[in-house]
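Raw start_18.pdb, PDB, N, CA and C atoms, pLDDT in the B column:
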```
ATOM      1  N   MET A  54      -7.738 116.039  82.519  1.00 46.00           N
ATOM      2  CA  MET A  54      -7.191 117.188  83.218  1.00 46.00           C
ATOM      3  C   MET A  54      -8.024 117.530  84.450  1.00 46.00           C
ATOM      4  N   LEU A  55      -9.326 117.468  84.300  1.00 51.00           N
ATOM      5  CA  LEU A  55     -10.211 117.789  85.414  1.00 51.00           C
ATOM      6  C   LEU A  55     -10.042 116.794  86.554  1.00 51.00           C
ATOM      7  N   THR A  56      -9.859 115.520  86.224  1.00 58.00           N
ATOM      8  CA  THR A  56      -9.671 114.526  87.281  1.00 58.00           C
ATOM      9  C   THR A  56      -8.346 114.728  88.003  1.00 58.00           C
ATOM     10  N   GLN A  57      -7.321 115.194  87.290  1.00 53.00           N
ATOM     11  CA  GLN A  57      -6.038 115.490  87.932  1.00 53.00           C
ATOM     12  C   GLN A  57      -6.194 116.651  88.908  1.00 53.00           C
ATOM     13  N   ALA A  58      -6.950 117.656  88.505  1.00 52.00           N
ATOM     14  CA  ALA A  58      -7.173 118.806  89.390  1.00 52.00           C
ATOM     15  C   ALA A  58      -7.939 118.373  90.635  1.00 52.00           C
ATOM     16  N   ALA A  59      -8.920 117.510  90.457  1.00 58.00           N
ATOM     17  CA  ALA A  59      -9.693 117.026  91.603  1.00 58.00           C
ATOM     18  C   ALA A  59      -8.812 116.199  92.527  1.00 58.00           C
ATOM     19  N   ALA A  60      -7.952 115.370  91.969  1.00 53.00           N
ATOM     20  CA  ALA A  60      -7.048 114.558  92.788  1.00 53.00           C
ATOM     21  C   ALA A  60      -6.059 115.443  93.539  1.00 53.00           C
ATOM     22  N   ALA A  61      -5.545 116.460  92.874  1.00 53.00           N
ATOM     23  CA  ALA A  61      -4.606 117.375  93.527  1.00 53.00           C
ATOM     24  C   ALA A  61      -5.306 118.118  94.658  1.00 53.00           C
ATOM     25  N   ARG A  62      -6.546 118.492  94.439  1.00 58.00           N
ATOM     26  CA  ARG A  62      -7.301 119.205  95.467  1.00 58.00           C
ATOM     27  C   ARG A  62      -7.524 118.303  96.681  1.00 58.00           C
ATOM     28  N   GLU A  63      -7.791 117.027  96.448  1.00 61.00           N
ATOM     29  CA  GLU A  63      -7.988 116.090  97.556  1.00 61.00           C
ATOM     30  C   GLU A  63      -6.694 115.849  98.317  1.00 61.00           C
ATOM     31  N   ASP A  64      -5.560 115.807  97.605  1.00 56.00           N
ATOM     32  CA  ASP A  64      -4.272 115.586  98.255  1.00 56.00           C
ATOM     33  C   ASP A  64      -3.911 116.755  99.167  1.00 56.00           C
ATOM     34  N   HIS A  65      -4.232 117.943  98.741  1.00 63.00           N
ATOM     35  CA  HIS A  65      -3.925 119.153  99.508  1.00 63.00           C
ATOM     36  C   HIS A  65      -5.220 119.814  99.949  1.00 63.00           C
ATOM     37  N   ALA A  66      -6.104 119.013 100.491  1.00 69.00           N
ATOM     38  CA  ALA A  66      -7.440 119.482 100.852  1.00 69.00           C
ATOM     39  C   ALA A  66      -7.366 120.628 101.849  1.00 69.00           C
ATOM     40  N   CYS A  67      -8.234 121.560 101.643  1.00 81.00           N
ATOM     41  CA  CYS A  67      -8.374 122.680 102.571  1.00 81.00           C
ATOM     42  C   CYS A  67      -8.906 122.114 103.891  1.00 81.00           C
ATOM     43  N   PRO A  68      -8.414 122.607 104.987  1.00 91.00           N
ATOM     44  CA  PRO A  68      -8.840 122.048 106.274  1.00 91.00           C
ATOM     45  C   PRO A  68     -10.247 122.468 106.701  1.00 91.00           C
ATOM     46  N   VAL A  69     -10.981 123.118 105.825  1.00 92.00           N
ATOM     47  CA  VAL A  69     -12.308 123.616 106.194  1.00 92.00           C
ATOM     48  C   VAL A  69     -13.221 122.489 106.657  1.00 92.00           C
ATOM     49  N   GLU A  70     -13.226 121.381 105.948  1.00 92.00           N
ATOM     50  CA  GLU A  70     -14.105 120.273 106.322  1.00 92.00           C
ATOM     51  C   GLU A  70     -13.731 119.704 107.682  1.00 92.00           C
ATOM     52  N   ALA A  71     -12.436 119.534 107.919  1.00 93.00           N
ATOM     53  CA  ALA A  71     -11.993 118.996 109.210  1.00 93.00           C
ATOM     54  C   ALA A  71     -12.320 119.963 110.345  1.00 93.00           C
ATOM     55  N   ILE A  72     -12.121 121.246 110.100  1.00 93.00           N
ATOM     56  CA  ILE A  72     -12.410 122.252 111.129  1.00 93.00           C
ATOM     57  C   ILE A  72     -13.907 122.300 111.412  1.00 93.00           C
ATOM     58  N   SER A  73     -14.712 122.322 110.352  1.00 94.00           N
ATOM     59  CA  SER A  73     -16.161 122.383 110.565  1.00 94.00           C
ATOM     60  C   SER A  73     -16.660 121.130 111.275  1.00 94.00           C
ATOM     61  N   ALA A  74     -16.103 119.967 110.928  1.00 94.00           N
ATOM     62  CA  ALA A  74     -16.511 118.730 111.600  1.00 94.00           C
ATOM     63  C   ALA A  74     -16.130 118.766 113.082  1.00 94.00           C
ATOM     64  N   ALA A  75     -14.947 119.319 113.380  1.00 95.00           N
ATOM     65  CA  ALA A  75     -14.523 119.414 114.780  1.00 95.00           C
ATOM     66  C   ALA A  75     -15.451 120.330 115.572  1.00 95.00           C
ATOM     67  N   TYR A  76     -15.803 121.480 114.991  1.00 97.00           N
ATOM     68  CA  TYR A  76     -16.707 122.399 115.692  1.00 97.00           C
ATOM     69  C   TYR A  76     -18.104 121.788 115.846  1.00 97.00           C
ATOM     70  N   LEU A  77     -18.579 121.106 114.811  1.00 96.00           N
ATOM     71  CA  LEU A  77     -19.889 120.463 114.908  1.00 96.00           C
ATOM     72  C   LEU A  77     -19.881 119.376 115.978  1.00 96.00           C
ATOM     73  N   GLY A  78     -18.801 118.626 116.048  1.00 96.00           N
ATOM     74  CA  GLY A  78     -18.697 117.593 117.079  1.00 96.00           C
ATOM     75  C   GLY A  78     -18.688 118.203 118.466  1.00 96.00           C
ATOM     76  N   PHE A  79     -17.942 119.282 118.625  1.00 95.00           N
ATOM     77  CA  PHE A  79     -17.870 119.977 119.908  1.00 95.00           C
ATOM     78  C   PHE A  79     -19.235 120.523 120.315  1.00 95.00           C
ATOM     79  N   ALA A  80     -19.990 120.998 119.315  1.00 97.00           N
ATOM     80  CA  ALA A  80     -21.297 121.608 119.576  1.00 97.00           C
ATOM     81  C   ALA A  80     -22.420 120.583 119.591  1.00 97.00           C
ATOM     82  N   GLY A  81     -22.087 119.307 119.551  1.00 96.00           N
ATOM     83  CA  GLY A  81     -23.122 118.279 119.573  1.00 96.00           C
ATOM     84  C   GLY A  81     -24.003 118.284 118.341  1.00 96.00           C
ATOM     85  N   GLY A  82     -23.452 118.712 117.202  1.00 95.00           N
ATOM     86  CA  GLY A  82     -24.199 118.722 115.954  1.00 95.00           C
ATOM     87  C   GLY A  82     -25.022 119.980 115.716  1.00 95.00           C
ATOM     88  N   ASP A  83     -25.029 120.904 116.649  1.00 96.00           N
ATOM     89  CA  ASP A  83     -25.789 122.152 116.487  1.00 96.00           C
ATOM     90  C   ASP A  83     -24.960 123.131 115.663  1.00 96.00           C
ATOM     91  N   ALA A  84     -25.381 123.361 114.419  1.00 96.00           N
ATOM     92  CA  ALA A  84     -24.634 124.211 113.496  1.00 96.00           C
ATOM     93  C   ALA A  84     -24.543 125.653 113.987  1.00 96.00           C
ATOM     94  N   GLY A  85     -25.579 126.149 114.617  1.00 97.00           N
ATOM     95  CA  GLY A  85     -25.576 127.527 115.122  1.00 97.00           C
ATOM     96  C   GLY A  85     -24.527 127.721 116.205  1.00 97.00           C
ATOM     97  N   ILE A  86     -24.471 126.786 117.137  1.00 97.00           N
ATOM     98  CA  ILE A  86     -23.478 126.874 118.209  1.00 97.00           C
ATOM     99  C   ILE A  86     -22.076 126.706 117.630  1.00 97.00           C
ATOM    100  N   ALA A  87     -21.915 125.776 116.684  1.00 97.00           N
ATOM    101  CA  ALA A  87     -20.609 125.556 116.053  1.00 97.00           C
ATOM    102  C   ALA A  87     -20.125 126.822 115.362  1.00 97.00           C
ATOM    103  N   LEU A  88     -21.026 127.486 114.651  1.00 96.00           N
ATOM    104  CA  LEU A  88     -20.669 128.730 113.968  1.00 96.00           C
ATOM    105  C   LEU A  88     -20.268 129.807 114.966  1.00 96.00           C
ATOM    106  N   ARG A  89     -21.030 129.949 116.038  1.00 97.00           N
ATOM    107  CA  ARG A  89     -20.702 130.958 117.051  1.00 97.00           C
ATOM    108  C   ARG A  89     -19.344 130.681 117.699  1.00 97.00           C
ATOM    109  N   CYS A  90     -19.061 129.415 117.970  1.00 97.00           N
ATOM    110  CA  CYS A  90     -17.767 129.047 118.553  1.00 97.00           C
ATOM    111  C   CYS A  90     -16.627 129.349 117.590  1.00 97.00           C
ATOM    112  N   ALA A  91     -16.822 129.034 116.324  1.00 96.00           N
ATOM    113  CA  ALA A  91     -15.790 129.302 115.322  1.00 96.00           C
ATOM    114  C   ALA A  91     -15.531 130.801 115.197  1.00 96.00           C
ATOM    115  N   ILE A  92     -16.591 131.599 115.194  1.00 97.00           N
ATOM    116  CA  ILE A  92     -16.438 133.052 115.110  1.00 97.00           C
ATOM    117  C   ILE A  92     -15.737 133.586 116.342  1.00 97.00           C
ATOM    118  N   ALA A  93     -16.125 133.115 117.517  1.00 97.00           N
ATOM    119  CA  ALA A  93     -15.488 133.565 118.760  1.00 97.00           C
ATOM    120  C   ALA A  93     -14.005 133.228 118.766  1.00 97.00           C
ATOM    121  N   ASP A  94     -13.655 132.017 118.322  1.00 97.00           N
ATOM    122  CA  ASP A  94     -12.245 131.634 118.267  1.00 97.00           C
ATOM    123  C   ASP A  94     -11.474 132.480 117.262  1.00 97.00           C
ATOM    124  N   ALA A  95     -12.084 132.738 116.111  1.00 97.00           N
ATOM    125  CA  ALA A  95     -11.422 133.554 115.089  1.00 97.00           C
ATOM    126  C   ALA A  95     -11.190 134.975 115.593  1.00 97.00           C
ATOM    127  N   LEU A  96     -12.183 135.550 116.248  1.00 98.00           N
ATOM    128  CA  LEU A  96     -12.025 136.905 116.789  1.00 98.00           C
ATOM    129  C   LEU A  96     -10.975 136.943 117.887  1.00 98.00           C
ATOM    130  N   SER A  97     -10.937 135.921 118.715  1.00 97.00           N
ATOM    131  CA  SER A  97      -9.927 135.836 119.765  1.00 97.00           C
ATOM    132  C   SER A  97      -8.523 135.767 119.165  1.00 97.00           C
ATOM    133  N   ASP A  98      -8.362 134.946 118.136  1.00 97.00           N
ATOM    134  CA  ASP A  98      -7.063 134.837 117.466  1.00 97.00           C
ATOM    135  C   ASP A  98      -6.673 136.153 116.810  1.00 97.00           C
ATOM    136  N   LEU A  99      -7.637 136.834 116.200  1.00 97.00           N
ATOM    137  CA  LEU A  99      -7.364 138.119 115.565  1.00 97.00           C
ATOM    138  C   LEU A  99      -6.923 139.156 116.585  1.00 97.00           C
ATOM    139  N   MET A 100      -7.604 139.207 117.716  1.00 97.00           N
ATOM    140  CA  MET A 100      -7.233 140.176 118.756  1.00 97.00           C
ATOM    141  C   MET A 100      -5.840 139.876 119.299  1.00 97.00           C
ATOM    142  N   GLU A 101      -5.497 138.612 119.469  1.00 97.00           N
ATOM    143  CA  GLU A 101      -4.171 138.230 119.943  1.00 97.00           C
ATOM    144  C   GLU A 101      -3.100 138.614 118.919  1.00 97.00           C
ATOM    145  N   ALA A 102      -3.377 138.405 117.650  1.00 96.00           N
ATOM    146  CA  ALA A 102      -2.422 138.785 116.603  1.00 96.00           C
ATOM    147  C   ALA A 102      -2.217 140.296 116.578  1.00 96.00           C
ATOM    148  N   GLU A 103      -3.293 141.054 116.735  1.00 95.00           N
ATOM    149  CA  GLU A 103      -3.171 142.516 116.770  1.00 95.00           C
ATOM    150  C   GLU A 103      -2.383 142.971 117.987  1.00 95.00           C
ATOM    151  N   ARG A 104      -2.589 142.313 119.131  1.00 94.00           N
ATOM    152  CA  ARG A 104      -1.841 142.656 120.337  1.00 94.00           C
ATOM    153  C   ARG A 104      -0.354 142.413 120.129  1.00 94.00           C
ATOM    154  N   ARG A 105      -0.024 141.279 119.518  1.00 93.00           N
ATOM    155  CA  ARG A 105       1.385 140.968 119.251  1.00 93.00           C
ATOM    156  C   ARG A 105       2.002 141.971 118.289  1.00 93.00           C
ATOM    157  N   THR A 106       1.243 142.376 117.284  1.00 91.00           N
ATOM    158  CA  THR A 106       1.738 143.363 116.324  1.00 91.00           C
ATOM    159  C   THR A 106       2.021 144.692 117.015  1.00 91.00           C
ATOM    160  N   ARG A 107       1.107 145.123 117.882  1.00 89.00           N
ATOM    161  CA  ARG A 107       1.329 146.381 118.615  1.00 89.00           C
ATOM    162  C   ARG A 107       2.556 146.274 119.513  1.00 89.00           C
ATOM    163  N   GLU A 108       2.717 145.132 120.169  1.00 87.00           N
ATOM    164  CA  GLU A 108       3.870 144.931 121.050  1.00 87.00           C
ATOM    165  C   GLU A 108       5.169 144.988 120.250  1.00 87.00           C
ATOM    166  N   ARG A 109       5.208 144.324 119.104  1.00 84.00           N
ATOM    167  CA  ARG A 109       6.406 144.368 118.261  1.00 84.00           C
ATOM    168  C   ARG A 109       6.685 145.787 117.796  1.00 84.00           C
ATOM    169  N   SER A 110       5.640 146.503 117.459  1.00 83.00           N
ATOM    170  CA  SER A 110       5.799 147.880 116.998  1.00 83.00           C
ATOM    171  C   SER A 110       6.421 148.745 118.091  1.00 83.00           C
ATOM    172  N   ARG A 111       5.959 148.573 119.325  1.00 78.00           N
ATOM    173  CA  ARG A 111       6.535 149.341 120.444  1.00 78.00           C
ATOM    174  C   ARG A 111       7.999 148.982 120.649  1.00 78.00           C
ATOM    175  N   LEU A 112       8.325 147.693 120.581  1.00 75.00           N
ATOM    176  CA  LEU A 112       9.707 147.263 120.776  1.00 75.00           C
ATOM    177  C   LEU A 112      10.609 147.805 119.682  1.00 75.00           C
ATOM    178  N   ILE A 113      10.129 147.772 118.453  1.00 72.00           N
ATOM    179  CA  ILE A 113      10.920 148.290 117.335  1.00 72.00           C
ATOM    180  C   ILE A 113      11.120 149.787 117.494  1.00 72.00           C
ATOM    181  N   SER A 114      10.074 150.526 117.854  1.00 64.00           N
ATOM    182  CA  SER A 114      10.181 151.969 118.017  1.00 64.00           C
ATOM    183  C   SER A 114      11.167 152.321 119.120  1.00 64.00           C
ATOM    184  N   ARG A 115      11.080 151.654 120.251  1.00 64.00           N
ATOM    185  CA  ARG A 115      11.993 151.940 121.356  1.00 64.00           C
ATOM    186  C   ARG A 115      13.427 151.611 120.979  1.00 64.00           C
ATOM    187  N   GLY A 116      13.642 150.505 120.300  1.00 58.00           N
ATOM    188  CA  GLY A 116      14.979 150.130 119.874  1.00 58.00           C
ATOM    189  C   GLY A 116      15.554 151.123 118.893  1.00 58.00           C
ATOM    190  N   TYR A 117      14.730 151.624 117.993  1.00 62.00           N
ATOM    191  CA  TYR A 117      15.195 152.596 117.011  1.00 62.00           C
ATOM    192  C   TYR A 117      15.583 153.894 117.705  1.00 62.00           C
ATOM    193  N   ILE A 118      14.767 154.337 118.623  1.00 61.00           N
ATOM    194  CA  ILE A 118      15.056 155.590 119.336  1.00 61.00           C
ATOM    195  C   ILE A 118      16.328 155.454 120.145  1.00 61.00           C
ATOM    196  N   ARG A 119      16.525 154.335 120.796  1.00 61.00           N
ATOM    197  CA  ARG A 119      17.727 154.135 121.603  1.00 61.00           C
ATOM    198  C   ARG A 119      18.982 154.085 120.754  1.00 61.00           C
ATOM    199  N   ALA A 120      18.868 153.685 119.499  1.00 59.00           N
ATOM    200  CA  ALA A 120      20.041 153.527 118.654  1.00 59.00           C
ATOM    201  C   ALA A 120      20.356 154.761 117.816  1.00 59.00           C
ATOM    202  N   LEU A 121      19.576 155.816 117.937  1.00 58.00           N
ATOM    203  CA  LEU A 121      19.826 157.014 117.149  1.00 58.00           C
ATOM    204  C   LEU A 121      21.157 157.652 117.539  1.00 58.00           C
ATOM    205  N   PRO A 122      21.961 158.066 116.563  1.00 62.00           N
ATOM    206  CA  PRO A 122      23.205 158.762 116.880  1.00 62.00           C
ATOM    207  C   PRO A 122      22.908 160.071 117.613  1.00 62.00           C
ATOM    208  N   GLY A 123      23.693 160.365 118.603  1.00 63.00           N
ATOM    209  CA  GLY A 123      23.499 161.606 119.350  1.00 63.00           C
ATOM    210  C   GLY A 123      22.418 161.518 120.395  1.00 63.00           C
ATOM    211  N   ALA A 124      21.892 160.306 120.610  1.00 55.00           N
ATOM    212  CA  ALA A 124      20.870 160.136 121.626  1.00 55.00           C
ATOM    213  C   ALA A 124      21.510 160.337 122.988  1.00 55.00           C
ATOM    214  N   VAL A 125      20.694 160.533 123.993  1.00 56.00           N
ATOM    215  CA  VAL A 125      21.172 160.767 125.351  1.00 56.00           C
ATOM    216  C   VAL A 125      22.129 159.643 125.747  1.00 56.00           C
ATOM    217  N   GLY A 126      23.314 160.011 126.217  1.00 55.00           N
ATOM    218  CA  GLY A 126      24.275 159.025 126.647  1.00 55.00           C
ATOM    219  C   GLY A 126      25.225 158.574 125.547  1.00 55.00           C
ATOM    220  N   GLU A 127      24.986 159.010 124.294  1.00 54.00           N
ATOM    221  CA  GLU A 127      25.869 158.648 123.210  1.00 54.00           C
ATOM    222  C   GLU A 127      26.539 159.906 122.669  1.00 54.00           C
ATOM    223  N   PRO A 128      27.808 159.800 122.336  1.00 55.00           N
ATOM    224  CA  PRO A 128      28.487 160.968 121.773  1.00 55.00           C
ATOM    225  C   PRO A 128      27.971 161.285 120.387  1.00 55.00           C
ATOM    226  N   ALA A 129      27.845 162.552 120.084  1.00 53.00           N
ATOM    227  CA  ALA A 129      27.396 162.976 118.760  1.00 53.00           C
ATOM    228  C   ALA A 129      28.569 162.889 117.794  1.00 53.00           C
ATOM    229  N   SER A 130      28.301 162.603 116.535  1.00 51.00           N
ATOM    230  CA  SER A 130      29.383 162.492 115.539  1.00 51.00           C
ATOM    231  C   SER A 130      29.857 163.833 115.078  1.00 51.00           C
TER     232      SER A 130
END
```
Here is a file; write its structure as structure tokens.
Amino acid sequence: MLTQAAAAREDHACPVEAISAAYLGFAGGDAGIALRCAIADALSDLMEAERRTRERSRLISRGYIRALPGAVGEPAS
């Protein structure tokens, strides 16, 4: 059973090793620089995701307000 679990884990391996190897290669083998680059990229991605979420929230809010019955330009029921 344990060998099956290990084989399944290898088949669907987490990309952590590939990502860490890519950052280490980019940093010329310097683990400190690789870590800093990975953190900077993660923070950049997080900020971009938050920006997109805020943008979607604004679009949804504006669309909801425009569609309210009795809003300016629409006849009230």
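Atom N of A:Arg89 sits 11.1 Å away from atom C of A:Ala75.
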What separates atom C of A:Tyr76 and atom CA of A:Ile92 is a distance of 11.4 Å
Gap from atom C of A:Ile86 to atom CA of A:Ala74 - Å, one decimal | 11.4 Å
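Taking only C-alpha atoms into account, the residues near (-13.9, 122.6, 110.6), no farther than 12 Å, are Cys67, Pro68, Val69, Glu70, Ala71, Ile72, Ser73, Ala74, Ala75, Tyr76, Leu77, Gly78, Phe79, Ala80, Ala84, Ala87, Leu88, Cys90, Ala91, Ile92 and Asp94 of chain A.
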Would you fill out stretch 77-103 of chain A with N, CA, C and O atoms and return it as a PDB file, keeping the file's coordinate frame?
```pdb
ATOM      1  N   LEU A  77     -18.579 121.106 114.811  1.00 96.00           N
ATOM      2  CA  LEU A  77     -19.889 120.463 114.908  1.00 96.00           C
ATOM      3  C   LEU A  77     -19.881 119.376 115.978  1.00 96.00           C
ATOM      4  O   LEU A  77     -20.846 119.232 116.733  1.00 96.00           O
ATOM      5  N   GLY A  78     -18.801 118.626 116.048  1.00 96.00           N
ATOM      6  CA  GLY A  78     -18.697 117.593 117.079  1.00 96.00           C
ATOM      7  C   GLY A  78     -18.688 118.203 118.466  1.00 96.00           C
ATOM      8  O   GLY A  78     -19.359 117.709 119.383  1.00 96.00           O
ATOM      9  N   PHE A  79     -17.942 119.282 118.625  1.00 95.00           N
ATOM     10  CA  PHE A  79     -17.870 119.977 119.908  1.00 95.00           C
ATOM     11  C   PHE A  79     -19.235 120.523 120.315  1.00 95.00           C
ATOM     12  O   PHE A  79     -19.605 120.494 121.483  1.00 95.00           O
ATOM     13  N   ALA A  80     -19.990 120.998 119.315  1.00 97.00           N
ATOM     14  CA  ALA A  80     -21.297 121.608 119.576  1.00 97.00           C
ATOM     15  C   ALA A  80     -22.420 120.583 119.591  1.00 97.00           C
ATOM     16  O   ALA A  80     -23.601 120.954 119.628  1.00 97.00           O
ATOM     17  N   GLY A  81     -22.087 119.307 119.551  1.00 96.00           N
ATOM     18  CA  GLY A  81     -23.122 118.279 119.573  1.00 96.00           C
ATOM     19  C   GLY A  81     -24.003 118.284 118.341  1.00 96.00           C
ATOM     20  O   GLY A  81     -25.171 117.918 118.402  1.00 96.00           O
ATOM     21  N   GLY A  82     -23.452 118.712 117.202  1.00 95.00           N
ATOM     22  CA  GLY A  82     -24.199 118.722 115.954  1.00 95.00           C
ATOM     23  C   GLY A  82     -25.022 119.980 115.716  1.00 95.00           C
ATOM     24  O   GLY A  82     -25.647 120.113 114.673  1.00 95.00           O
ATOM     25  N   ASP A  83     -25.029 120.904 116.649  1.00 96.00           N
ATOM     26  CA  ASP A  83     -25.789 122.152 116.487  1.00 96.00           C
ATOM     27  C   ASP A  83     -24.960 123.131 115.663  1.00 96.00           C
ATOM     28  O   ASP A  83     -23.957 123.678 116.130  1.00 96.00           O
ATOM     29  N   ALA A  84     -25.381 123.361 114.419  1.00 96.00           N
ATOM     30  CA  ALA A  84     -24.634 124.211 113.496  1.00 96.00           C
ATOM     31  C   ALA A  84     -24.543 125.653 113.987  1.00 96.00           C
ATOM     32  O   ALA A  84     -23.522 126.312 113.792  1.00 96.00           O
ATOM     33  N   GLY A  85     -25.579 126.149 114.617  1.00 97.00           N
ATOM     34  CA  GLY A  85     -25.576 127.527 115.122  1.00 97.00           C
ATOM     35  C   GLY A  85     -24.527 127.721 116.205  1.00 97.00           C
ATOM     36  O   GLY A  85     -23.770 128.698 116.197  1.00 97.00           O
ATOM     37  N   ILE A  86     -24.471 126.786 117.137  1.00 97.00           N
ATOM     38  CA  ILE A  86     -23.478 126.874 118.209  1.00 97.00           C
ATOM     39  C   ILE A  86     -22.076 126.706 117.630  1.00 97.00           C
ATOM     40  O   ILE A  86     -21.144 127.422 118.008  1.00 97.00           O
ATOM     41  N   ALA A  87     -21.915 125.776 116.684  1.00 97.00           N
ATOM     42  CA  ALA A  87     -20.609 125.556 116.053  1.00 97.00           C
ATOM     43  C   ALA A  87     -20.125 126.822 115.362  1.00 97.00           C
ATOM     44  O   ALA A  87     -18.956 127.198 115.481  1.00 97.00           O
ATOM     45  N   LEU A  88     -21.026 127.486 114.651  1.00 96.00           N
ATOM     46  CA  LEU A  88     -20.669 128.730 113.968  1.00 96.00           C
ATOM     47  C   LEU A  88     -20.268 129.807 114.966  1.00 96.00           C
ATOM     48  O   LEU A  88     -19.259 130.499 114.786  1.00 96.00           O
ATOM     49  N   ARG A  89     -21.030 129.949 116.038  1.00 97.00           N
ATOM     50  CA  ARG A  89     -20.702 130.958 117.051  1.00 97.00           C
ATOM     51  C   ARG A  89     -19.344 130.681 117.699  1.00 97.00           C
ATOM     52  O   ARG A  89     -18.559 131.594 117.936  1.00 97.00           O
ATOM     53  N   CYS A  90     -19.061 129.415 117.970  1.00 97.00           N
ATOM     54  CA  CYS A  90     -17.767 129.047 118.553  1.00 97.00           C
ATOM     55  C   CYS A  90     -16.627 129.349 117.590  1.00 97.00           C
ATOM     56  O   CYS A  90     -15.581 129.857 117.998  1.00 97.00           O
ATOM     57  N   ALA A  91     -16.822 129.034 116.324  1.00 96.00           N
ATOM     58  CA  ALA A  91     -15.790 129.302 115.322  1.00 96.00           C
ATOM     59  C   ALA A  91     -15.531 130.801 115.197  1.00 96.00           C
ATOM     60  O   ALA A  91     -14.379 131.240 115.116  1.00 96.00           O
ATOM     61  N   ILE A  92     -16.591 131.599 115.194  1.00 97.00           N
ATOM     62  CA  ILE A  92     -16.438 133.052 115.110  1.00 97.00           C
ATOM     63  C   ILE A  92     -15.737 133.586 116.342  1.00 97.00           C
ATOM     64  O   ILE A  92     -14.827 134.422 116.243  1.00 97.00           O
ATOM     65  N   ALA A  93     -16.125 133.115 117.517  1.00 97.00           N
ATOM     66  CA  ALA A  93     -15.488 133.565 118.760  1.00 97.00           C
ATOM     67  C   ALA A  93     -14.005 133.228 118.766  1.00 97.00           C
ATOM     68  O   ALA A  93     -13.170 134.057 119.143  1.00 97.00           O
ATOM     69  N   ASP A  94     -13.655 132.017 118.322  1.00 97.00           N
ATOM     70  CA  ASP A  94     -12.245 131.634 118.267  1.00 97.00           C
ATOM     71  C   ASP A  94     -11.474 132.480 117.262  1.00 97.00           C
ATOM     72  O   ASP A  94     -10.343 132.898 117.516  1.00 97.00           O
ATOM     73  N   ALA A  95     -12.084 132.738 116.111  1.00 97.00           N
ATOM     74  CA  ALA A  95     -11.422 133.554 115.089  1.00 97.00           C
ATOM     75  C   ALA A  95     -11.190 134.975 115.593  1.00 97.00           C
ATOM     76  O   ALA A  95     -10.112 135.545 115.396  1.00 97.00           O
ATOM     77  N   LEU A  96     -12.183 135.550 116.248  1.00 98.00           N
ATOM     78  CA  LEU A  96     -12.025 136.905 116.789  1.00 98.00           C
ATOM     79  C   LEU A  96     -10.975 136.943 117.887  1.00 98.00           C
ATOM     80  O   LEU A  96     -10.177 137.886 117.973  1.00 98.00           O
ATOM     81  N   SER A  97     -10.937 135.921 118.715  1.00 97.00           N
ATOM     82  CA  SER A  97      -9.927 135.836 119.765  1.00 97.00           C
ATOM     83  C   SER A  97      -8.523 135.767 119.165  1.00 97.00           C
ATOM     84  O   SER A  97      -7.602 136.458 119.615  1.00 97.00           O
ATOM     85  N   ASP A  98      -8.362 134.946 118.136  1.00 97.00           N
ATOM     86  CA  ASP A  98      -7.063 134.837 117.466  1.00 97.00           C
ATOM     87  C   ASP A  98      -6.673 136.153 116.810  1.00 97.00           C
ATOM     88  O   ASP A  98      -5.506 136.555 116.848  1.00 97.00           O
ATOM     89  N   LEU A  99      -7.637 136.834 116.200  1.00 97.00           N
ATOM     90  CA  LEU A  99      -7.364 138.119 115.565  1.00 97.00           C
ATOM     91  C   LEU A  99      -6.923 139.156 116.585  1.00 97.00           C
ATOM     92  O   LEU A  99      -5.945 139.893 116.368  1.00 97.00           O
ATOM     93  N   MET A 100      -7.604 139.207 117.716  1.00 97.00           N
ATOM     94  CA  MET A 100      -7.233 140.176 118.756  1.00 97.00           C
ATOM     95  C   MET A 100      -5.840 139.876 119.299  1.00 97.00           C
ATOM     96  O   MET A 100      -5.048 140.793 119.544  1.00 97.00           O
ATOM     97  N   GLU A 101      -5.497 138.612 119.469  1.00 97.00           N
ATOM     98  CA  GLU A 101      -4.171 138.230 119.943  1.00 97.00           C
ATOM     99  C   GLU A 101      -3.100 138.614 118.919  1.00 97.00           C
ATOM    100  O   GLU A 101      -2.037 139.120 119.279  1.00 97.00           O
ATOM    101  N   ALA A 102      -3.377 138.405 117.650  1.00 96.00           N
ATOM    102  CA  ALA A 102      -2.422 138.785 116.603  1.00 96.00           C
ATOM    103  C   ALA A 102      -2.217 140.296 116.578  1.00 96.00           C
ATOM    104  O   ALA A 102      -1.090 140.772 116.423  1.00 96.00           O
ATOM    105  N   GLU A 103      -3.293 141.054 116.735  1.00 95.00           N
ATOM    106  CA  GLU A 103      -3.171 142.516 116.770  1.00 95.00           C
ATOM    107  C   GLU A 103      -2.383 142.971 117.987  1.00 95.00           C
ATOM    108  O   GLU A 103      -1.572 143.894 117.905  1.00 95.00           O
TER     109      GLU A 103
END
```
